[in-house]
Structure formats: C-alpha cells, structure tokens
Amino acid sequence: MKFVRHAVCIDCGQTVAARPEITTCPACGGLLDIIYDYEAIKRSLSRRVLAARPEPTMWRYAELLPVETETAARMAAEGLRVGNSPLYPAPNLAAETGIRTLYIKDDGQNPTASLKDRASAMAVAKALEAGRNVIACSSTGNAASSLAGNCARAGMETYIFVPERAPKGKVAQLLIFGAHVFSVQGDYGATFRLSAAAIKKYGWYNRNAAINPYLLEGKKTAALEIAEQLDWQVPDYLALSVGDGCTIAGVWKGFCDLYHAGLIDRLPRLLSVQAAGCCPIHNALRSGGPLQPMAENTLADSIAVGMPRNPKKALRAIRESNGVAVEVSDDEILAAMRLLGKSCGVFAEPAAATALAGLVRARKENRIPAACSVVCLISGNGLKDVANGIRAAGEPRLVAPSPEEFTL
Ligand SMILES: *Cc1c(COP(=O)(O)O)cnc(C)c1O
Ligand SMILES: [Zn+2]
C-alpha cells in the first residue's frame, strides 16, 4: 500500500502498521483511522490525472484507498461495478424544499442496490489480501446483501446474521447470492453479538463495518465521487441518514482526505439525519455524554440501530464539520419517499429517504439557509422494501377490465 502510512487509534493515539488483518487497536481495542501519505498522493494524483482516468468504479481512486495497486486493479477488472452512481441536479426538488441548489446522489444504483456495496467491495479486497475466502457479518440487511453479492462475484463464501425483521427483498438477495443465512430472533444488537461470537469461534474474516477501518475507507468513495462529479466544487451541506454511523464517518473521511491531498479547498457541513424512533447518536451528540442505547422504533430498518458500534467516529465527524443533526418521524420518511419519487424519478428505501426528510425538516426549521447547495445521499433502492413503498404511495385504483365502463 504505497500511499498508506499507518493506522492510528482514535482512543489512545497509538500508531499501528496497516496490515489487512488488523481491525482494532492492539493496545486498547479502540477504533483505528487509516492515515495516508498526503504529500505523496499530491505528487501522483491531481484533478487532471483523474479526469483522464477511464476506470468507472470506486477503484478509480486507488491512491486514496487502503489496498495494494494490484488488488485495486483486480477488483476493477473482476469485481461487480461498485460506485460511479449518478449525481442528479434536482431543480424541482430544490424548489419544493426551498433550497437554491440540490443534487441527489443515487447510490441505490450500486450492484446490490445500496451504498453498502462500497464497503463490501472493500471487504472482499481486504479478504483477498489477507488470503481469506470466508467472510461473515451481521447486518440490518444491506451490508449483508452487498457482502453476499460481492463475495459471490469473487467466489468467496459468506455467513450472514440478520435480525428477523429484515425486509424480504434483502433476505431474498442473500439467498439468491448463495449466502449461509441466519435469521436471528432478536434486534440488531442481539444479531451483532451472535455474529461476533460465531466469527470468533469459526475464524471468519469480519465484515462488521463499525470495527473494521477499511470498510469506512470503502464508504468514503461516495464522497470522492461527489466531489469529482461536482467538478471539485464542494457543496455547503451533505445530507445523509445515520444508523451505525459508519457512512457519515466514511463520507467525512473522504472529504478530509481530499482536502489533505489538495484536491478540494474546503469541507462541507454534514446534515446528519436519524429517525426520531431511534436516534442514540444524536442524543449523545446533544448530551455530550456516553451513548445510551435506544429502542429501534422506526420503519427505516437500515438505520434502526439502537446500539451503534461506531458512535465515536460519527460524533467526531458531525462535530468537526460543524454539522446539523435532525430527527424525523416515520410519516416524514414516507412523505420523503413520495416526494423524491415524484420529483426525481428515484425510488428510495425508507432509510435512504430519511436523508431527504431531514433536509425538508432542516429547511422548515431554518436550521440551514435557503441560499445554499446541498447533496442529498440516497443510500439504498426502494425495491428492497416494496411493502413500505406501497405504504408511502398507496394502492392503485381498482378498475373493471371493461373498456365501456372505464373513465378517468
Ligand atoms: C447502512 C445504511 C445507512 C446508514 O449507514 P450507517 O453506517 O449504519 O450509519 C443508511 N441508509 C442505508 C440504505 C443503509 O443501508
Ligand atoms: Zn488504542
């Protein structure tokens, strides 16, 4: 890894050699950050170099990723097409929400239909480097389905633990991709604990995002793409939904890395959105105290994380960016699904539409100004959870199959 310096513990500050198998600080068990040699990156990566690079996946940012050059090339050639999701200008939605400039980053267009593909592709890359071919994870659904898909493509075996309430679409993906699936009779916390025990017992490679710093580096590619797609003009705000907190931490790391590498000249502010029925990260943000676990009372299953594993990095990201934190109700999430579909032609799953619901609320409460530019990250596709799509939009009108009787 030519451009990776080392990993550093966010708790005790210890530096650690960034080997593929390390996931936490050997001294204190804390979370690790991957640190790059930004001066070396500056010398080999520029806006011009990137513009001339044809690679259409997340692996186009190889210098900013914690993998060997050969691994990135192999993933680009042999992996699923992860990344390169569209960034749509959304003038109608901007007018609706009262914002000057709004873009929708449709990450539901990843191969298994969520942003989690970015982390799972990274997990496959790191497992390849570690010489491992069995990966496991626990997930509310998308981390699992993306891992199963990306592993199927790489010929790797997967063991997946999902909470019983995971939507059918996501479970169907797992089974179709040939994963060994365990549907756990409990919430996400119970699912996570069971998977951690099984991973220890059987020695599988661990894709649980919160503790694996490489996965966050995969998620950060969403930020790298946004910056490049906007021709390096950084938006004022980045709206995104938060469950475990790895996505927001990853996206923030992406912008920070670009800044340190001289590719952008300022940083966006984060608009962190949680469901009101499950917002332990925002509660911790406001109290300044340790995180208190919370019940998982929201239909946005992908962000129903009552006991986040990664609150430290998420809290740090929101604070460092001088961010804004808002909570939204399930009704606001359903309304945002309709609004996004109708005004942009993008079908979001509830957790993804949560980002837009938060933006609508933040504008209503004047927590962000009208005269600003916002990128709203849509993190997963609505076809994964058709039941809630119908709940948001309603049933069609039933008509008799009779041309004579049919009227509008
Ligand atoms: C996982 C996920 C999120 C949130 O990411 P965290 O890292 O858990 O905060 C948001 N939306 C969708 C669709 C997801 O799958
Ligand atoms: Zn440490």
# chains A, B, ... in the order shown; residues from 1 in each chain; ligands from 1

$ residues_around --residues "Asn133 in chain A" --least-positions-apart "5" --cutoff "7 Å" --atoms "only C-alpha atoms" --output "PyMOL selection string"
chain A and resi 127+156-157

$ write_last_selection --atoms "C-alpha atoms" --output "mmCIF file, in the first residue's frame"
data_model
loop_
_atom_site.group_PDB
_atom_site.id
_atom_site.type_symbol
_atom_site.label_atom_id
_atom_site.label_comp_id
_atom_site.auth_asym_id
_atom_site.auth_seq_id
_atom_site.Cartn_x
_atom_site.Cartn_y
_atom_site.Cartn_z
ATOM 1 C CA ALA A 127 -10.002 -10.576 2.433
ATOM 2 C CA MET A 156 -15.975 -16.372 -1.643
ATOM 3 C CA GLU A 157 -18.226 -17.956 0.937
#

$ residues_around --residues "Ala148 in chain A" --least-positions-apart "3" --cutoff "12 Å" --atoms "only C-alpha atoms" --output "ChimeraX atom specification"
/A:80,111-112,116-117,120-121,123-124,134-139,141-145,151-161,170-181,207

$ closest_residue --among "A:Arg47, A:His6, A:Arg269, A:His282" --to "ligand 1" --atoms "only C-alpha atoms and all ligand atoms"
A:His282

$ select_by_dssp --residues "range 7-233 of chain A" --states "strand (DSSP E)" --output "ChimeraX atom specification"
/A:7-9,15-16,32-36,87-89,101-106,134-138,157-163,180-184,205-206

$ residues_around --residues "Thr101 in chain A" --least-positions-apart "6" --cutoff "12 Å" --atoms "only C-alpha atoms" --output "list in words"
Tyr88, Pro89, Ala90, Pro91, Asn92, Leu93, Ala94, Ala95, Leu230, Pro235, Asp236, Tyr237, Leu238, Pro369, Ala370, Ala371, Cys372, Ser373, Val374, Val375 and Cys376 of chain A

$ residues_around --residues "Ala300 in chain A" --least-positions-apart "2" --cutoff "6 Å" --atoms "only C-alpha atoms" --output "list in words"
Thr298, Ser302, Ile303, Pro350 and Ala351 of chain A

$ atom_distance --atom1 "CA of Tyr36 in chain A" --atom2 "atom 1 (C, counted along the ligand's line) of ligand 1"
25.3 Å

$ residues_near_ligand --ligand "ligand 1" --cutoff "8 Å" --atoms "only C-alpha atoms and all ligand atoms" --output "ChimeraX atom specification"
/A:108,114-116,140-143,209-210,240-249,302-303,305,308,349-352,378-381

$ atom_distance --atom1 "CA of Phe3 in chain A" --atom2 "CA of Arg118 in chain A"
19.7 Å

$ residues_near_ligand --ligand "ligand 2" --cutoff "6 Å" --atoms "only C-alpha atoms and all ligand atoms" --output "ChimeraX atom specification"
/A:9,11-14,25,27-30

$ residues_around --residues "Ala223 in chain A" --least-positions-apart "6" --cutoff "9 Å" --atoms "only C-alpha atoms" --output "ChimeraX atom specification"
/A:250-255,258

$ residues_around --residues "Arg5 in chain A" --least-positions-apart "4" --cutoff "10 Å" --atoms "only C-alpha atoms" --output "count of residues only"
11

$ closest_residue --among "A:Pro311, A:Gly218, A:Gly288, A:Pro268" --to "Lys126 in chain A" --atoms "only C-alpha atoms"
A:Gly218

$ select_by_dssp --residues "range 106-237 of chain A" --states "helix (DSSP H, G or I)" --output "MDAnalysis selection string"
chainID A and resid 107:109 116:129 142:154 168:176 188:202 209:211 213:219 221:229

$ atom_distance --atom1 "CA of Thr24 in chain A" --atom2 "CA of Asn206 in chain A"
11.6 Å

$ closest_residue --among "A:Met58, A:Ile199, A:Gly289, A:Ala335" --to "Lys312 in chain A" --atoms "only C-alpha atoms"
A:Gly289

$ residues_around --residues "range 385-393 of chain A" --least-positions-apart "3" --cutoff "7 Å" --atoms "only C-alpha atoms" --output "PDB file with N, CA and C atoms, in the first residue's frame"
ATOM      1  N   PRO A 167     -36.292  -6.759   5.865  1.00  0.00           N
ATOM      2  CA  PRO A 167     -37.280  -6.857   4.787  1.00  0.00           C
ATOM      3  C   PRO A 167     -36.979  -8.018   3.841  1.00  0.00           C
ATOM      4  N   GLY A 169     -37.072  -8.376   0.649  1.00  0.00           N
ATOM      5  CA  GLY A 169     -36.257  -8.129  -0.541  1.00  0.00           C
ATOM      6  C   GLY A 169     -34.779  -8.358  -0.252  1.00  0.00           C
ATOM      7  N   LEU A 334     -41.913   8.542   5.017  1.00  0.00           N
ATOM      8  CA  LEU A 334     -42.800   8.075   3.940  1.00  0.00           C
ATOM      9  C   LEU A 334     -43.109   9.219   2.974  1.00  0.00           C
ATOM     10  N   ALA A 335     -43.324  10.415   3.516  1.00  0.00           N
ATOM     11  CA  ALA A 335     -43.599  11.579   2.659  1.00  0.00           C
ATOM     12  C   ALA A 335     -42.388  11.885   1.779  1.00  0.00           C
ATOM     13  N   MET A 337     -40.230   9.720   0.704  1.00  0.00           N
ATOM     14  CA  MET A 337     -40.166   8.686  -0.351  1.00  0.00           C
ATOM     15  C   MET A 337     -41.026   9.105  -1.535  1.00  0.00           C
ATOM     16  N   ARG A 338     -42.247   9.581  -1.227  1.00  0.00           N
ATOM     17  CA  ARG A 338     -43.153  10.040  -2.299  1.00  0.00           C
ATOM     18  C   ARG A 338     -42.569  11.245  -3.026  1.00  0.00           C
ATOM     19  N   GLU A 349     -35.375   3.460  -0.528  1.00  0.00           N
ATOM     20  CA  GLU A 349     -35.904   2.717   0.613  1.00  0.00           C
ATOM     21  C   GLU A 349     -36.053   3.712   1.775  1.00  0.00           C
ATOM     22  N   GLY A 382     -35.521   1.568  -3.258  1.00  0.00           N
ATOM     23  CA  GLY A 382     -36.815   1.239  -2.683  1.00  0.00           C
ATOM     24  C   GLY A 382     -37.347  -0.141  -3.029  1.00  0.00           C
TER      25      GLY A 382
END

$ closest_residue --among "A:Ile104, A:Val67, A:Leu224, A:Val8" --to "Leu340 in chain A" --atoms "only C-alpha atoms"
A:Ile104

$ decode --residues "range 83-165 of chain A" --atoms "C-alpha atoms" --output "short mmCIF file (atom, residue, chain, number, x, y, z; two decimals), in the first residue's frame"
data_model
loop_
_atom_site.label_atom_id
_atom_site.label_comp_id
_atom_site.auth_asym_id
_atom_site.auth_seq_id
_atom_site.Cartn_x
_atom_site.Cartn_y
_atom_site.Cartn_z
CA GLY A 83 -19.56 3.13 -7.40
CA ASN A 84 -19.98 5.60 -10.24
CA SER A 85 -23.57 6.21 -9.17
CA PRO A 86 -25.25 9.23 -10.76
CA LEU A 87 -25.38 12.67 -9.19
CA TYR A 88 -28.56 14.31 -10.46
CA PRO A 89 -29.24 18.04 -10.30
CA ALA A 90 -32.71 18.25 -8.75
CA PRO A 91 -34.17 21.69 -9.52
CA ASN A 92 -37.80 20.64 -8.94
CA LEU A 93 -37.00 19.15 -5.59
CA ALA A 94 -34.85 22.18 -4.74
CA ALA A 95 -37.86 24.43 -5.40
CA GLU A 96 -40.13 22.14 -3.34
CA THR A 97 -37.77 22.16 -0.39
CA GLY A 98 -36.75 25.81 -0.65
CA ILE A 99 -33.08 25.31 -1.36
CA ARG A 100 -31.09 27.09 -4.03
CA THR A 101 -29.14 24.14 -5.38
CA LEU A 102 -29.83 20.49 -4.69
CA TYR A 103 -28.30 17.29 -6.03
CA ILE A 104 -29.38 13.71 -5.49
CA LYS A 105 -26.61 11.12 -5.33
CA ASP A 106 -28.42 7.90 -6.20
CA ASP A 107 -26.35 5.24 -4.52
CA GLY A 108 -29.25 2.83 -4.83
CA GLN A 109 -27.78 2.24 -8.29
CA ASN A 110 -24.96 0.15 -6.94
CA PRO A 111 -24.93 -3.53 -7.99
CA THR A 112 -26.85 -4.82 -4.97
CA ALA A 113 -28.79 -1.55 -4.76
CA SER A 114 -27.22 0.21 -1.77
CA LEU A 115 -24.22 2.25 -0.72
CA LYS A 116 -23.06 -0.73 1.34
CA ASP A 117 -21.55 -2.20 -1.85
CA ARG A 118 -18.70 0.26 -1.42
CA ALA A 119 -17.79 -1.23 1.96
CA SER A 120 -18.42 -4.81 0.90
CA ALA A 121 -16.21 -4.49 -2.18
CA MET A 122 -13.51 -3.23 0.16
CA ALA A 123 -14.11 -6.19 2.48
CA VAL A 124 -13.61 -8.55 -0.46
CA ALA A 125 -10.41 -6.71 -1.44
CA LYS A 126 -9.00 -6.93 2.08
CA ALA A 127 -10.00 -10.58 2.43
CA LEU A 128 -8.18 -11.28 -0.85
CA GLU A 129 -5.06 -9.59 0.54
CA ALA A 130 -5.37 -11.48 3.81
CA GLY A 131 -5.67 -14.73 1.86
CA ARG A 132 -9.12 -15.41 3.32
CA ASN A 133 -12.10 -16.77 1.42
CA VAL A 134 -14.83 -16.90 4.05
CA ILE A 135 -16.38 -13.62 5.25
CA ALA A 136 -19.07 -13.05 7.85
CA CYS A 137 -21.17 -10.15 9.01
CA SER A 138 -24.25 -9.12 10.89
CA SER A 139 -26.48 -6.53 9.34
CA THR A 140 -29.87 -4.93 9.25
CA GLY A 141 -29.90 -6.09 5.64
CA ASN A 142 -27.90 -4.05 3.15
CA ALA A 143 -24.42 -4.75 4.50
CA ALA A 144 -25.34 -8.41 4.32
CA SER A 145 -26.86 -8.43 0.86
CA SER A 146 -23.98 -6.41 -0.56
CA LEU A 147 -21.44 -8.69 1.08
CA ALA A 148 -23.20 -11.75 -0.27
CA GLY A 149 -23.31 -10.28 -3.80
CA ASN A 150 -19.74 -9.06 -3.90
CA CYS A 151 -18.49 -12.33 -2.39
CA ALA A 152 -20.47 -14.40 -4.89
CA ARG A 153 -18.74 -12.50 -7.66
CA ALA A 154 -15.34 -13.16 -6.07
CA GLY A 155 -16.05 -16.83 -5.43
CA MET A 156 -15.98 -16.37 -1.64
CA GLU A 157 -18.23 -17.96 0.94
CA THR A 158 -20.37 -15.85 3.30
CA TYR A 159 -22.03 -16.37 6.69
CA ILE A 160 -24.70 -13.78 7.37
CA PHE A 161 -26.65 -12.89 10.50
CA VAL A 162 -29.75 -10.70 10.03
CA PRO A 163 -32.40 -9.64 12.52
CA GLU A 164 -35.69 -11.39 12.00
CA ARG A 165 -37.36 -8.13 10.91
#
